[in-house]
Amino acid sequence: MAAVSKIVKYFVKPGKSILINKGMQSSENFFCKLAGDVSKNGKIIPNASTQAKLGDASVFIDALLKQQLPEAKAQVQLMFEDLNSVVKTTHRAKGILSIDSKLLREINKTADKTFHNIAEATSHIGDGIGSRVITKSLGKLKKEEIQKMISEMTIQGRKLTAREESLLTKFIYEKPMHPVEYKEGFKLFEQFATPLVEKRSCEVVNQLKLGVIKHRIQSGELSVAKAEEMFGANIVKKAQASDVLPLQITEINNYKGMYGLSEFTDNQIAELSVVINSGKTAGQRAIVYSDPKYSKIIERWGDSVDNSLVLSEQEAQKVMKETIKPSGYRTAQINVIHSNGAFGEIQFKGEQTLMFGEYEHIAYDLRQGKNTLGEIFDEYGTAIKKLNNTQYSKYNEYLQRCYNYYNRIELGLPAVKPELPRGFDKVLSVDNMKILHNKNQQMQRYLNKGFSQHLQEVA
């Protein structure tokens with residue numbers, strides 16, 4: 001008769017643990033069906049047995065990701081680190097606590113609340129290997145340079161009217177504007193800033209396109225002749241160079257705030273979508289979430305692309321909902337399958353928005369109920385939970401303006417640092433979030449000295 005596994009706590013960080021089975025089942029025999037009570041929001045709170053099985057899976061996946069990390073890291077480094085516009089790349093394998101939290105969220109989403117095997121559970125950790133490609137900021141633009149760009153800007157072949165020039169100038173220098181003027185000014189600002197955004201991101205986007213084309217040829221999805229017909233002989237020749245590595249992209253999310261600029265422009269997203277998805281059936285295509293305007297840009301490519309890539313109005317609205325983040329969170333986030341089969345996520349960010357994203361993510365993690373934050377965030381978490389929906393929406397507008405502030409600095413544009421709205425607890429300010437983040441980093445380094453992962457009996 002097989003021995004019955006005993007549920008224990010597995011402390012993976014100081015004060016942070018998950019449940020696992022002592023003498024856990026092998027990964028080959030893994031099976032988990034979510035069982036427990038139904039909570040108020042419709043999600044099931046798993047019983048201890050189910051939590052322990054998810055914990056077992058987290059330990060298996062953690063070990064796998066650690067094995068896969070070196071090769072996946074090398075692949076991203078070789079693709080991007082030598083580019084002039086890239087500061088550096090960073091890499092990490094997702095930790096056990098994050099894996100455990102994500103598995104619980106994902107099994108709640110599945111139709112039958114079941115992971116039938118460890119491969120199925122692993123497939124839900126699409127960002128198992130996380131990489132960041134950090135791009136350089138542009139030099140600060142002088143007033144005369146900005147004015148020259150405004151005077152030379154055209155819309156559908158015509159110069160800006162005096163009113164449009166005035167609105168755009170006010171938006172660039174963040175002068176007070178009526179809400180209607182603000183919306184109109186932002187549309188002009190998007191077009192004005194497009195060359196700056198593309199200047200920062202053109203090298204990494206071109207490298208992505210070449211990697212995708214190489215993967216499609218090497219995998220047998222496209223012949224060289226067909227690839228040349230679709231993308232041009234010169235592009236295919238560049239893709240076949242020895243210093244280009246093949247890359248399989250499964251999803252793109254080009255996140256931004258309501259009045260923010262995305263990391264990649266609509267044109268760049270359209271070009272990537274064409275390279276990744278042209279000639280594929282609907283079921284084979286990578287998902288591309290960006291501003292739906294990019295579908296209109298694809299249409300302008302004409303007969304050279306598959307017209308079925310163009311989004312319907314309904315699809316465009318779904319894309320908009322997925323892409324626009326209330327907090328202003330911005331990154332070009334690309335899900336990939338690395339050459340060693342590892343599921344990875346590559347984020348493309350600027351130096352300034354990367355820094356702010358580390359602080360802003362505190363609020364996101366708290367709202368998601370992640371089991372990864374230290375006690376130092378308790379006061380901040382309490383303040384966040386006290387906000388009603390209207391207040392939280394206003395707080396998100398503040399975070400959104402902060403993202404835009406840091407992004408303006410990256411683009412060399414004038415930038416005025418936002419102030420926390422009146423009536424909000426000062427603990428919620430960006431400056432305090434930075435202090436908390438840095439204190440937590442310092443505390444975690446101290447607590448981890450001499451710490452080793454260990455099991456503890458459940459009382």
# chains A, B, ... in the order shown; residues from 1 in each chain; ligands from 1
>>> closest_atom_pairs(of="region 131-239 of chain A", to="region 260-280 of chain A", cutoff="9 Å", atoms="only C-alpha atoms", output="tab-separated table")
residue	atom	partner	partner_atom	distance
A:Phe186	CA	A:Gly260	CA	8.7
A:Glu190	CA	A:Leu261	CA	6.8
A:Ala193	CA	A:Leu261	CA	8.2
A:Thr194	CA	A:Thr265	CA	6.6
A:Val197	CA	A:Thr265	CA	6.8
A:Glu198	CA	A:Thr265	CA	6.6
A:Arg200	CA	A:Glu263	CA	8.7
A:Ser201	CA	A:Phe264	CA	6.5
A:Cys202	CA	A:Gln268	CA	8.0
A:Val205	CA	A:Gln268	CA	7.0
A:Asn206	CA	A:Leu272	CA	8.8
A:Leu208	CA	A:Leu272	CA	7.8
A:Lys209	CA	A:Leu272	CA	6.1
A:Leu210	CA	A:Val275	CA	8.8
A:Val212	CA	A:Ile276	CA	6.4
A:Ile213	CA	A:Val275	CA	6.8
A:Arg216	CA	A:Ile276	CA	8.4
A:Met230	CA	A:Ser278	CA	8.1
A:Phe231	CA	A:Val275	CA	7.5
>>> residues_around(residues="Lys439 (chain A)", least_positions_apart="5", cutoff="12 Å", atoms="only C-alpha atoms", output="CSV table (one decimal) with N, CA and C atoms, in the first residue's frame")
chain,number,residue,atom,x,y,z
A,359,TYR,N,8.0,50.5,-8.9
A,359,TYR,CA,7.2,51.1,-7.7
A,359,TYR,C,5.7,50.9,-8.0
A,374,GLY,N,6.5,42.1,1.1
A,374,GLY,CA,6.9,42.1,2.5
A,374,GLY,C,6.0,42.9,3.4
A,375,GLU,N,6.2,42.8,4.7
A,375,GLU,CA,5.4,43.5,5.6
A,375,GLU,C,5.6,45.0,5.5
A,376,ILE,N,6.7,45.5,5.0
A,376,ILE,CA,6.9,46.9,4.9
A,376,ILE,C,5.9,47.6,4.0
A,377,PHE,N,5.1,46.9,3.2
A,377,PHE,CA,4.1,47.5,2.4
A,377,PHE,C,2.7,47.4,3.0
A,432,ASN,N,7.0,58.2,-2.0
A,432,ASN,CA,7.0,57.2,-0.9
A,432,ASN,C,7.0,55.8,-1.4
A,433,MET,N,6.4,55.5,-2.6
A,433,MET,CA,6.5,54.2,-3.2
A,433,MET,C,7.9,53.8,-3.5
A,434,LYS,N,8.7,54.8,-3.9
A,434,LYS,CA,10.1,54.6,-4.2
A,434,LYS,C,10.9,54.2,-2.9
A,444,GLN,N,15.0,42.7,2.3
A,444,GLN,CA,15.0,41.4,1.8
A,444,GLN,C,16.5,40.8,1.7
A,445,ARG,N,17.4,41.7,1.4
A,445,ARG,CA,18.8,41.3,1.3
A,445,ARG,C,19.3,40.9,2.7
A,446,TYR,N,18.9,41.7,3.7
A,446,TYR,CA,19.2,41.4,5.1
A,446,TYR,C,18.6,40.1,5.6
>>> select_by_dssp(residues="region 98-332 of chain A", states="helix (DSSP H, G or I)", output="PyMOL selection string")
chain A and resi 98-109+118-123+143-152+162-172+179-218+224-231+233-239+266-277+282-284+293-300+302-304+307-309+313-323
>>> residues_around(residues="Glu164 (chain A)", least_positions_apart="6", cutoff="9 Å", atoms="only C-alpha atoms", output="MDAnalysis selection string")
chainID A and resid 184:185 188
>>> decode(residues="region 322-349 of chain A", atoms="N, CA, C and O atoms", output="tab-separated table (two decimals), in the first residue's frame")
chain	number	residue	atom	x	y	z
A	322	GLU	N	-7.89	45.35	-23.88
A	322	GLU	CA	-6.74	44.61	-23.38
A	322	GLU	C	-5.50	45.48	-23.29
A	322	GLU	O	-4.62	45.26	-22.45
A	323	THR	N	-5.40	46.48	-24.15
A	323	THR	CA	-4.17	47.25	-24.31
A	323	THR	C	-4.08	48.43	-23.36
A	323	THR	O	-3.02	48.72	-22.80
A	324	ILE	N	-5.17	49.18	-23.19
A	324	ILE	CA	-5.14	50.40	-22.40
A	324	ILE	C	-5.22	50.06	-20.91
A	324	ILE	O	-6.19	49.47	-20.45
A	325	LYS	N	-4.18	50.43	-20.16
A	325	LYS	CA	-4.10	50.12	-18.74
A	325	LYS	C	-4.47	51.34	-17.90
A	325	LYS	O	-3.91	52.43	-18.10
A	326	PRO	N	-5.40	51.18	-16.95
A	326	PRO	CA	-5.85	52.32	-16.14
A	326	PRO	C	-4.71	53.04	-15.41
A	326	PRO	O	-4.76	54.25	-15.23
A	327	SER	N	-3.69	52.29	-15.00
A	327	SER	CA	-2.58	52.90	-14.26
A	327	SER	C	-1.56	53.56	-15.18
A	327	SER	O	-0.63	54.21	-14.70
A	328	GLY	N	-1.73	53.38	-16.51
A	328	GLY	CA	-0.76	53.92	-17.44
A	328	GLY	C	0.41	53.00	-17.69
A	328	GLY	O	1.35	53.36	-18.40
A	329	TYR	N	0.35	51.79	-17.11
A	329	TYR	CA	1.45	50.81	-17.27
A	329	TYR	C	1.81	50.68	-18.74
A	329	TYR	O	0.95	50.49	-19.59
A	330	ARG	N	3.10	50.79	-19.03
A	330	ARG	CA	3.52	50.77	-20.43
A	330	ARG	C	4.74	49.88	-20.62
A	330	ARG	O	5.72	49.96	-19.89
A	331	THR	N	4.64	49.03	-21.60
A	331	THR	CA	5.75	48.20	-22.04
A	331	THR	C	5.32	47.49	-23.31
A	331	THR	O	4.12	47.28	-23.52
A	332	ALA	N	6.27	47.15	-24.15
A	332	ALA	CA	5.99	46.22	-25.24
A	332	ALA	C	6.37	44.85	-24.69
A	332	ALA	O	7.53	44.59	-24.40
A	333	GLN	N	5.38	43.99	-24.51
A	333	GLN	CA	5.56	42.71	-23.83
A	333	GLN	C	5.32	41.59	-24.83
A	333	GLN	O	4.23	41.48	-25.38
A	334	ILE	N	6.34	40.79	-25.07
A	334	ILE	CA	6.26	39.78	-26.12
A	334	ILE	C	6.46	38.39	-25.52
A	334	ILE	O	7.49	38.12	-24.88
A	335	ASN	N	5.48	37.52	-25.70
A	335	ASN	CA	5.60	36.14	-25.26
A	335	ASN	C	6.26	35.31	-26.35
A	335	ASN	O	5.86	35.39	-27.52
A	336	VAL	N	7.25	34.54	-25.96
A	336	VAL	CA	8.03	33.77	-26.93
A	336	VAL	C	8.20	32.33	-26.45
A	336	VAL	O	7.97	32.02	-25.28
A	337	ILE	N	8.57	31.47	-27.39
A	337	ILE	CA	9.06	30.14	-27.05
A	337	ILE	C	10.52	30.12	-27.45
A	337	ILE	O	10.86	30.27	-28.63
A	338	HIS	N	11.41	29.98	-26.47
A	338	HIS	CA	12.84	30.02	-26.74
A	338	HIS	C	13.29	28.76	-27.48
A	338	HIS	O	12.55	27.78	-27.58
A	339	SER	N	14.51	28.81	-27.99
A	339	SER	CA	15.04	27.70	-28.78
A	339	SER	C	15.11	26.41	-28.00
A	339	SER	O	15.08	25.31	-28.58
A	340	ASN	N	15.18	26.47	-26.65
A	340	ASN	CA	15.19	25.26	-25.83
A	340	ASN	C	13.80	24.86	-25.36
A	340	ASN	O	13.66	23.98	-24.49
A	341	GLY	N	12.76	25.50	-25.91
A	341	GLY	CA	11.38	25.15	-25.56
A	341	GLY	C	10.84	25.89	-24.36
A	341	GLY	O	9.67	25.70	-23.99
A	342	ALA	N	11.64	26.75	-23.75
A	342	ALA	CA	11.18	27.50	-22.56
A	342	ALA	C	10.17	28.56	-22.95
A	342	ALA	O	10.35	29.26	-23.95
A	343	PHE	N	9.10	28.69	-22.14
A	343	PHE	CA	8.14	29.76	-22.32
A	343	PHE	C	8.70	31.03	-21.69
A	343	PHE	O	9.03	31.04	-20.50
A	344	GLY	N	8.82	32.09	-22.49
A	344	GLY	CA	9.43	33.31	-21.98
A	344	GLY	C	8.61	34.54	-22.29
A	344	GLY	O	7.71	34.52	-23.14
A	345	GLU	N	8.94	35.61	-21.60
A	345	GLU	CA	8.32	36.91	-21.82
A	345	GLU	C	9.45	37.94	-21.90
A	345	GLU	O	10.26	38.06	-20.98
A	346	ILE	N	9.51	38.66	-23.02
A	346	ILE	CA	10.51	39.71	-23.18
A	346	ILE	C	9.79	41.05	-23.11
A	346	ILE	O	8.87	41.30	-23.87
A	347	GLN	N	10.21	41.90	-22.18
A	347	GLN	CA	9.63	43.23	-22.04
A	347	GLN	C	10.63	44.26	-22.57
A	347	GLN	O	11.82	44.20	-22.24
A	348	PHE	N	10.12	45.19	-23.37
A	348	PHE	CA	10.94	46.28	-23.89
A	348	PHE	C	10.52	47.57	-23.20
A	348	PHE	O	9.36	47.97	-23.27
A	349	LYS	N	11.47	48.19	-22.51
A	349	LYS	CA	11.17	49.36	-21.70
A	349	LYS	C	12.30	50.38	-21.81
A	349	LYS	O	13.43	50.03	-22.14
